[in-house]
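**Q** File coords34.cif follows (mmCIF, C-alpha atoms):
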data_work
loop_
_atom_site.label_atom_id
_atom_site.label_comp_id
_atom_site.auth_asym_id
_atom_site.auth_seq_id
_atom_site.Cartn_x
_atom_site.Cartn_y
_atom_site.Cartn_z
CA MET A 1 50.20 37.36 92.83
CA ALA A 2 53.82 37.49 94.03
CA LEU A 3 54.36 33.87 92.97
CA TRP A 4 52.90 34.59 89.53
CA LEU A 5 55.23 37.58 89.09
CA ASN A 6 58.26 35.55 90.18
CA GLU A 7 57.49 32.72 87.77
CA THR A 8 56.31 34.80 84.81
CA PHE A 9 59.12 37.37 84.87
CA PHE A 10 61.89 35.13 86.20
CA GLU A 11 64.08 35.22 83.09
CA PHE A 12 63.31 38.87 82.41
CA ASP A 13 64.26 39.92 85.94
CA ARG A 14 67.33 37.72 86.09
CA TRP A 15 68.67 39.09 82.80
CA PHE A 16 68.51 42.67 84.08
CA PHE A 17 70.17 41.79 87.38
CA GLU A 18 72.98 39.92 85.67
CA VAL A 19 73.58 42.71 83.16
CA PHE A 20 73.74 45.39 85.83
CA HIS A 21 75.89 43.31 88.16
CA ALA A 22 78.31 42.70 85.30
CA LEU A 23 78.33 46.45 84.67
CA ALA A 24 79.11 47.16 88.32
CA ASN A 25 81.75 44.44 88.49
CA ASN A 26 83.54 45.14 85.21
CA CYS A 27 83.55 48.91 85.65
CA GLY A 28 84.87 48.84 89.20
CA GLN A 29 81.58 50.26 90.50
CA PHE A 30 82.13 53.40 88.45
CA PHE A 31 78.35 53.78 87.98
CA THR A 32 77.37 53.03 91.59
CA PRO A 33 77.65 56.63 92.88
CA PHE A 34 75.69 57.85 89.85
CA PHE A 35 72.78 55.47 90.43
CA LYS A 36 72.78 56.17 94.17
CA PHE A 37 72.56 59.87 93.33
CA ILE A 38 69.64 59.28 90.96
CA THR A 39 67.77 57.08 93.41
CA PHE A 40 68.10 59.72 96.16
CA PHE A 41 65.50 61.85 94.36
CA GLY A 42 62.86 59.19 94.94
CA ASP A 43 63.51 58.64 98.66
CA LYS A 44 60.12 58.69 100.43
CA GLY A 45 58.92 60.97 97.64
CA ILE A 46 60.24 63.98 99.57
CA PRO A 47 62.37 65.55 96.78
CA MET A 48 59.42 65.27 94.37
CA ILE A 49 57.04 66.81 96.91
CA ILE A 50 59.49 69.68 97.45
CA LEU A 51 59.64 70.19 93.69
CA GLY A 52 55.85 70.37 93.53
CA VAL A 53 55.74 72.92 96.37
CA ILE A 54 58.39 75.08 94.67
CA LEU A 55 56.40 75.07 91.44
CA LEU A 56 53.36 76.26 93.41
CA LEU A 57 55.15 79.47 94.37
CA PHE A 58 55.17 80.88 90.84
CA SER A 59 52.12 81.78 88.77
CA ARG A 60 53.53 80.34 85.53
CA THR A 61 54.21 76.94 87.10
CA ARG A 62 51.37 76.77 89.65
CA LYS A 63 49.26 74.44 87.54
CA ALA A 64 52.25 72.10 87.17
CA GLY A 65 52.88 72.19 90.91
CA LEU A 66 49.28 71.26 91.69
CA SER A 67 49.37 68.52 89.07
CA VAL A 68 52.57 67.07 90.54
CA LEU A 69 51.29 67.05 94.12
CA LEU A 70 47.94 65.51 93.21
CA ALA A 71 49.69 62.96 90.98
CA ILE A 72 51.94 61.94 93.89
CA ILE A 73 48.87 61.42 96.06
CA PHE A 74 47.26 59.19 93.42
CA GLY A 75 50.47 57.21 92.90
CA SER A 76 51.06 56.77 96.63
CA ILE A 77 47.53 55.48 97.20
CA MET A 78 47.81 52.94 94.39
CA THR A 79 51.33 51.76 95.28
CA ASN A 80 51.83 52.16 99.02
CA LEU A 81 48.29 51.70 100.30
CA ILE A 82 47.00 49.08 97.87
CA LEU A 83 49.43 47.20 95.63
CA LYS A 84 52.47 46.62 97.85
CA ASP A 85 50.51 44.84 100.60
CA ALA A 86 48.11 43.18 98.18
CA VAL A 87 50.92 41.61 96.11
CA ALA A 88 53.35 41.14 99.05
CA ARG A 89 56.39 40.40 96.89
CA ILE A 90 59.63 39.86 98.81
CA ARG A 91 62.61 42.06 97.97
CA PRO A 92 65.11 40.34 95.65
CA TYR A 93 67.96 40.36 98.19
CA ASN A 94 65.71 38.53 100.66
CA ALA A 95 64.49 36.04 98.07
CA SER A 96 67.76 34.84 96.54
CA GLU A 97 71.30 34.38 97.82
CA ILE A 98 72.67 35.36 94.40
CA TYR A 99 70.71 38.61 94.36
CA ARG A 100 71.76 39.25 97.94
CA GLU A 101 75.38 39.05 96.82
CA PHE A 102 74.61 41.54 94.03
CA TRP A 103 72.97 43.86 96.57
CA GLU A 104 75.87 43.59 99.02
CA PHE A 105 78.33 44.27 96.19
CA VAL A 106 76.87 47.73 95.53
CA ASN A 107 76.52 48.30 99.30
CA TYR A 108 73.06 49.81 99.36
CA LYS A 109 70.55 50.10 102.20
CA HIS A 110 67.89 47.64 103.32
CA PHE A 111 64.15 48.20 102.92
CA SER A 112 61.48 46.52 105.04
CA SER A 113 58.58 47.19 102.67
CA PHE A 114 57.41 44.83 99.93
CA SER A 115 58.90 44.99 96.45
CA PHE A 116 56.07 45.37 93.91
CA PRO A 117 55.65 47.93 92.53
CA SER A 118 58.69 50.15 93.00
CA GLY A 119 57.77 53.18 95.10
CA HIS A 120 60.72 55.17 93.76
CA ALA A 121 59.68 54.43 90.18
CA THR A 122 56.08 55.30 91.00
CA VAL A 123 56.69 58.69 92.60
CA THR A 124 59.19 59.68 89.93
CA ALA A 125 56.91 58.60 87.09
CA THR A 126 53.91 60.42 88.59
CA THR A 127 55.94 63.62 88.89
CA MET A 128 57.66 63.39 85.52
CA THR A 129 54.46 62.42 83.68
CA ALA A 130 52.65 65.42 85.16
CA LEU A 131 55.54 67.72 84.19
CA PHE A 132 55.69 66.23 80.70
CA LEU A 133 52.00 66.95 80.18
CA CYS A 134 52.15 70.45 81.68
CA PHE A 135 55.15 71.85 79.82
CA ASN A 136 56.45 72.23 76.27
CA LYS A 137 56.99 68.79 74.73
CA LYS A 138 60.13 70.02 72.94
CA TRP A 139 62.05 69.63 76.19
CA SER A 140 59.67 68.09 78.74
CA TRP A 141 60.34 64.62 77.29
CA LEU A 142 63.57 64.78 79.30
CA CYS A 143 61.38 64.30 82.37
CA LEU A 144 60.50 60.84 81.07
CA VAL A 145 64.19 60.06 80.62
CA PHE A 146 64.75 60.84 84.29
CA ALA A 147 61.91 58.49 85.28
CA PHE A 148 63.55 55.78 83.17
CA LEU A 149 66.92 56.37 84.88
CA MET A 150 65.24 56.15 88.28
CA GLY A 151 63.89 52.74 87.34
CA LEU A 152 67.30 51.55 86.17
CA SER A 153 68.87 52.74 89.43
CA ARG A 154 66.55 50.51 91.46
CA ILE A 155 67.53 47.47 89.42
CA TYR A 156 71.24 48.32 89.52
CA LEU A 157 71.10 48.62 93.32
CA THR A 158 69.25 45.26 93.48
CA VAL A 159 66.41 46.57 95.62
CA HIS A 160 63.75 45.92 92.96
CA TYR A 161 63.12 43.45 90.18
CA ALA A 162 62.84 44.88 86.67
CA SER A 163 59.17 43.88 86.73
CA ASP A 164 58.72 45.93 89.94
CA VAL A 165 60.09 48.93 88.07
CA LEU A 166 57.78 48.37 85.10
CA GLY A 167 54.84 48.18 87.49
CA GLY A 168 55.93 51.38 89.22
CA LEU A 169 56.38 53.24 85.95
CA LEU A 170 52.94 52.14 84.77
CA VAL A 171 51.23 53.12 88.03
CA GLY A 172 53.17 56.39 88.02
CA ALA A 173 52.13 57.19 84.46
CA ILE A 174 48.49 56.60 85.38
CA GLY A 175 48.80 58.72 88.53
CA GLY A 176 50.56 61.50 86.65
CA ALA A 177 47.93 61.58 83.93
CA LEU A 178 45.11 61.59 86.49
CA GLY A 179 46.74 64.42 88.44
CA TYR A 180 47.17 66.50 85.29
CA LEU A 181 43.62 65.85 84.06
CA CYS A 182 42.04 66.69 87.44
CA ILE A 183 43.94 69.96 87.81
CA SER A 184 43.25 70.89 84.17
CA LEU A 185 39.55 70.33 84.84
CA LEU A 186 39.77 72.46 87.99
CA TYR A 187 41.42 75.30 86.07
CA ASN A 188 38.97 75.15 83.18
CA LYS A 189 35.84 74.89 85.31
CA VAL A 190 36.77 77.10 88.25
CA ILE A 191 39.96 79.14 88.20
CA TYR A 192 39.75 80.43 84.63
CA ARG A 193 36.04 81.21 84.81
CA LYS A 194 35.39 82.55 88.31
CA ASP A 195 36.35 86.14 88.97
CA ASN A 196 36.70 86.74 92.68
CA ALA A 197 39.50 88.10 94.82
CA PHE A 198 40.69 84.76 96.16
CA LEU A 199 40.88 83.04 92.77
CA ARG A 200 42.61 86.05 91.22
CA PHE A 201 45.16 85.92 94.00
CA PHE A 202 45.58 82.15 93.65
CA LYS A 203 46.09 82.39 89.92
CA ASN A 204 48.37 85.42 89.81
CA ALA A 205 50.34 85.43 93.09
CA ASP A 206 54.04 85.02 92.38
CA LEU A 207 56.98 84.79 94.77
CA ILE A 208 59.32 86.73 92.48
CA VAL A 209 56.83 89.58 92.08
CA PHE A 210 56.27 89.64 95.84
CA ILE A 211 60.03 89.88 96.51
CA LYS A 212 60.47 92.66 93.92
CA GLU A 213 57.65 94.67 95.49
CA LYS A 214 59.18 94.29 98.93
CA ILE A 215 62.55 95.45 97.59
CA LYS A 216 60.98 98.52 95.97
CA LYS A 217 59.22 99.43 99.21
CA GLY A 218 62.55 99.12 101.04
#
Could you render the structure as structure tokens?
**A**
Amino acid sequence: MALWLNETFFEFDRWFFEVFHALANNCGQFFTPFFKFITFFGDKGIPMIILGVILLLFSRTRKAGLSVLLAIIFGSIMTNLILKDAVARIRPYNASEIYREFWEFVNYKHFSSFSFPSGHATVTATTMTALFLCFNKKWSWLCLVFAFLMGLSRIYLTVHYASDVLGGLLVGAIGGALGYLCISLLYNKVIYRKDNAFLRFFKNADLIVFIKEKIKKG
């Protein structure tokens, strides 16, 4: 599978690497701090998990928080437990001296895991897809823009091929949609229809309300 990816997407991947290296070289690495900042939010999925937990704390965003966390689980299973080891694609800086020079030029860290699909792209796409589906589409499309920027950051830093990023975005979109659909089903079949103390508390408990009540009580 790795050999097929390398041969099939060779020109596609090379074009992206050359374009981004030229950008880094001609702009005096002006964009390097920006892409390192973007890519930070996908590190080990921790920032996205924290986001999901924060959303859980408020009644209005609880469904989104659950969707995000379940989506991350789906995406992680598909990418980290199945695809990475099954495909076993070597990182670009370990596969080519030219790409290694690109990677050294932007001075980014080394990863020991396999390359396909991009874990950063996956976890960001799962999270952003879930948020896009949960919230108002007038502004939630910006979540998809962030997922796209995350993918570009991985190519710019030469830690993933462009085809790795496409794979990660696709897996992430699937994971995000599955997370959203499963939580929507849970809400429709259980939380919205069952009327017991625990489910009322789960649906309505809100951190802000709790803090206000504590303040009133002194």
**Q** Return the single residue from A:Ile77, A:Val53, A:Leu166, A:Ala173 that is closest to Cys143 (chain A), with distances computed using only C-alpha atoms.
**A** A:Ala173
**Q** Can you work out the spacing between CA of Met48 (chain A) and CA of Met150 (chain A) in Å, to one decimal?
**A** 12.4 Å
**Q** Written as a ChimeraX atom specification, what is the full residue list that the PyMOL selection byres ((chain A and resi 17-25) around 12) yields on the file shown?
**A** /A:10-16,26-35,92-93,96,98-107,152-163
**Q** Create the file for the chosen residues now, containing C-alpha atoms and written as an mmCIF file, keeping the file's coordinate frame.
**A**
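Wrote it out as again_22.cif, contents follow:
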data_model
loop_
_atom_site.group_PDB
_atom_site.id
_atom_site.type_symbol
_atom_site.label_atom_id
_atom_site.label_comp_id
_atom_site.auth_asym_id
_atom_site.auth_seq_id
_atom_site.Cartn_x
_atom_site.Cartn_y
_atom_site.Cartn_z
ATOM 1 C CA PHE A 10 61.890 35.130 86.200
ATOM 2 C CA GLU A 11 64.080 35.220 83.090
ATOM 3 C CA PHE A 12 63.310 38.870 82.410
ATOM 4 C CA ASP A 13 64.260 39.920 85.940
ATOM 5 C CA ARG A 14 67.330 37.720 86.090
ATOM 6 C CA TRP A 15 68.670 39.090 82.800
ATOM 7 C CA PHE A 16 68.510 42.670 84.080
ATOM 8 C CA ASN A 26 83.540 45.140 85.210
ATOM 9 C CA CYS A 27 83.550 48.910 85.650
ATOM 10 C CA GLY A 28 84.870 48.840 89.200
ATOM 11 C CA GLN A 29 81.580 50.260 90.500
ATOM 12 C CA PHE A 30 82.130 53.400 88.450
ATOM 13 C CA PHE A 31 78.350 53.780 87.980
ATOM 14 C CA THR A 32 77.370 53.030 91.590
ATOM 15 C CA PRO A 33 77.650 56.630 92.880
ATOM 16 C CA PHE A 34 75.690 57.850 89.850
ATOM 17 C CA PHE A 35 72.780 55.470 90.430
ATOM 18 C CA PRO A 92 65.110 40.340 95.650
ATOM 19 C CA TYR A 93 67.960 40.360 98.190
ATOM 20 C CA SER A 96 67.760 34.840 96.540
ATOM 21 C CA ILE A 98 72.670 35.360 94.400
ATOM 22 C CA TYR A 99 70.710 38.610 94.360
ATOM 23 C CA ARG A 100 71.760 39.250 97.940
ATOM 24 C CA GLU A 101 75.380 39.050 96.820
ATOM 25 C CA PHE A 102 74.610 41.540 94.030
ATOM 26 C CA TRP A 103 72.970 43.860 96.570
ATOM 27 C CA GLU A 104 75.870 43.590 99.020
ATOM 28 C CA PHE A 105 78.330 44.270 96.190
ATOM 29 C CA VAL A 106 76.870 47.730 95.530
ATOM 30 C CA ASN A 107 76.520 48.300 99.300
ATOM 31 C CA LEU A 152 67.300 51.550 86.170
ATOM 32 C CA SER A 153 68.870 52.740 89.430
ATOM 33 C CA ARG A 154 66.550 50.510 91.460
ATOM 34 C CA ILE A 155 67.530 47.470 89.420
ATOM 35 C CA TYR A 156 71.240 48.320 89.520
ATOM 36 C CA LEU A 157 71.100 48.620 93.320
ATOM 37 C CA THR A 158 69.250 45.260 93.480
ATOM 38 C CA VAL A 159 66.410 46.570 95.620
ATOM 39 C CA HIS A 160 63.750 45.920 92.960
ATOM 40 C CA TYR A 161 63.120 43.450 90.180
ATOM 41 C CA ALA A 162 62.840 44.880 86.670
ATOM 42 C CA SER A 163 59.170 43.880 86.730
#
**Q** Neighbouring residues of Leu3 (chain A) were defined as those with any atom within 12 Å, considering all atoms listed in the file; residues of the same chain fewer than 5 positions away were excluded. Please report them as a list in words.
**A**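 Listed by chain and then number, they are Thr8, Phe9, Phe10, Val87, Ala88, Arg89, Ile90, Ala95 and Phe116 of chain A.
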**Q** Write the residues of the preceding selection, restricted to C-alpha atoms, as an mmCIF file, in the frame of the given file.
**A**
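Resulting contents of result10.cif:
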data_model
loop_
_atom_site.group_PDB
_atom_site.id
_atom_site.type_symbol
_atom_site.label_atom_id
_atom_site.label_comp_id
_atom_site.auth_asym_id
_atom_site.auth_seq_id
_atom_site.Cartn_x
_atom_site.Cartn_y
_atom_site.Cartn_z
ATOM 1 C CA THR A 8 56.310 34.800 84.810
ATOM 2 C CA PHE A 9 59.120 37.370 84.870
ATOM 3 C CA PHE A 10 61.890 35.130 86.200
ATOM 4 C CA VAL A 87 50.920 41.610 96.110
ATOM 5 C CA ALA A 88 53.350 41.140 99.050
ATOM 6 C CA ARG A 89 56.390 40.400 96.890
ATOM 7 C CA ILE A 90 59.630 39.860 98.810
ATOM 8 C CA ALA A 95 64.490 36.040 98.070
ATOM 9 C CA PHE A 116 56.070 45.370 93.910
#
**Q** Quick one, how far is CA of Gly179 (chain A) from CA of Ile72 (chain A)?
**A**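 Here the two named atoms are 7.9 Å from each other.
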**Q** Point out the residue among A:Thr39, A:Asn80, A:Ser184, A:Asn94 with the least atom-to-atom distance to Thr124 (chain A), counting only C-alpha atoms.
**A** A:Thr39
**Q** Excluding same-chain residues fewer than 6 positions from Ala125 (chain A), what lies within 10 Å of it counting only C-alpha atoms, as an NGL selection string?
**A** :A and (42 or 71-72 or 75 or 119 or 131 or 143-148 or 150-151 or 168-177)
**Q** Taking the file above as input, evaluate the PyMOL selection byres ((chain A and resi 56) around 10) and report the hits as a VMD selection string.
**A** chain A and resid 50 to 55 57 to 69 202 205 to 207
**Q** Rank A:His120, A:Ala86, A:Leu81, A:Ile46 by their smallest atom-to-atom distance to Val165 (chain A), using all atoms listed in the file, and report the top residue only.
**A**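 For Val165 (chain A), the nearest of the given residues is A:His120.
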**Q** Work out how far CA of Pro117 (chain A) is from CA of Trp139 (chain A), in Å to one decimal.
**A**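 About the pair CA of Trp139 (chain A) and CA of Pro117 (chain A): they are 27.9 Å apart.
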**Q** Identify which of the residues A:Leu181, A:Lys84, A:Ala2, A:Thr79 lies closest to Cys134 (chain A), counting all atoms listed in the file when measuring atom-to-atom distances.
**A**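 Answer, going by the shortest atom-to-atom distance: A:Leu181.
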**Q** With all atoms listed in the file as the atoms that count, which of A:Lys44, A:Leu178, A:Thr126, A:Glu97 lies nearest to Ser113 (chain A)?
**A**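 Among the listed residues, A:Lys44 lies closest to Ser113 (chain A).
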**Q** Tell me which of A:Phe132, A:Met78, A:Leu83, A:Leu149 sits closest to Ile38 (chain A), counting all atoms listed in the file.
**A**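 Of the candidates, the smallest distance to Ile38 (chain A) is held by A:Leu149.
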